[in-house]
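What follows is a short report on a single structure.
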Amino acid sequence: MVVFTGINGDEGVRNGYGDRPRTWGLTVTRETVGEVLVVAVSGRLGTGASGTLVETIVGALERGHRRVLVDLEGVDYASSAGLLALHAIAGRISVDGGALVLCSLTEPVRLVFELSGLSSQFAIASDRAAGLAQLAGGGLQTSSADTDS
């Protein structure tokens, strides 16, 4: 399991602020379960932090991962920039012939997805086990996010 915060996945870097932790930061943990990359996110997914998530997943795609589960159980806030980051990730995964599932959306995050109208553009599982099952079952399910944006 790899745990990091910050830019470019550097351990010990917190959203580009060196050793000074910031309130409302984002922590990203990644591990591989079978053929699925599980990316657990906690904190606030906003403008400053969404790039960290994008860089993490794009780097994993470049290393050959094609099935990605993003666990949002620890996210207490997602801004429009965070939603756009997830949409961009879904588009990139789709272009690469992969699959993306989001799971464990907290109530504030679920509400933001519903109000934005983006819920239908993502495969969303209730929890990590359901997300892993969805990615493991019946061949590769591609993301439903529109790749033209």
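Here's how to read the names in the structure tokens: chain A, B, ... by the order shown, residue numbers from 1 in each chain, ligand numbers from 1 in the order shown.
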
(message) So that I can see what lies close to A:Arg110, please list as a PyMOL selection string the residues with an atom at most 12 Å from it, counting only C-alpha atoms and leaving out residues fewer than 2 positions away in the same chain.
(response) chain A and resi 72-73+75-79+83+102-108+112-120+122+124-126

(message) Can you tell me which residues surround A:Glu62 at a distance of at most 12 Å, considering only C-alpha atoms, apart from same-chain residues fewer than 6 positions away, and format the answer as a PyMOL selection string?
(response) chain A and resi 55-56+92-93+96+98

(request) Quick one: pull the distance between atom CA of A:Ala99 and atom CA of A:Gly48, Å, one decimal. (result) 25.6 Å

(message) Residues within 12 Å of A:Ile57, please, as a ChimeraX atom specification. Count only C-alpha atoms; anything in the same chain fewer than 5 positions from it doesn't count.
(response) /A:8-9,28-31,37-41,50-52,62-70,85-86,88-93,98,100

(message) Measuring between only C-alpha atoms, which one of A:Leu53, A:Ala81, A:Val36, A:Leu26 shows the shortest distance to A:Gln134?
(response) A:Val36
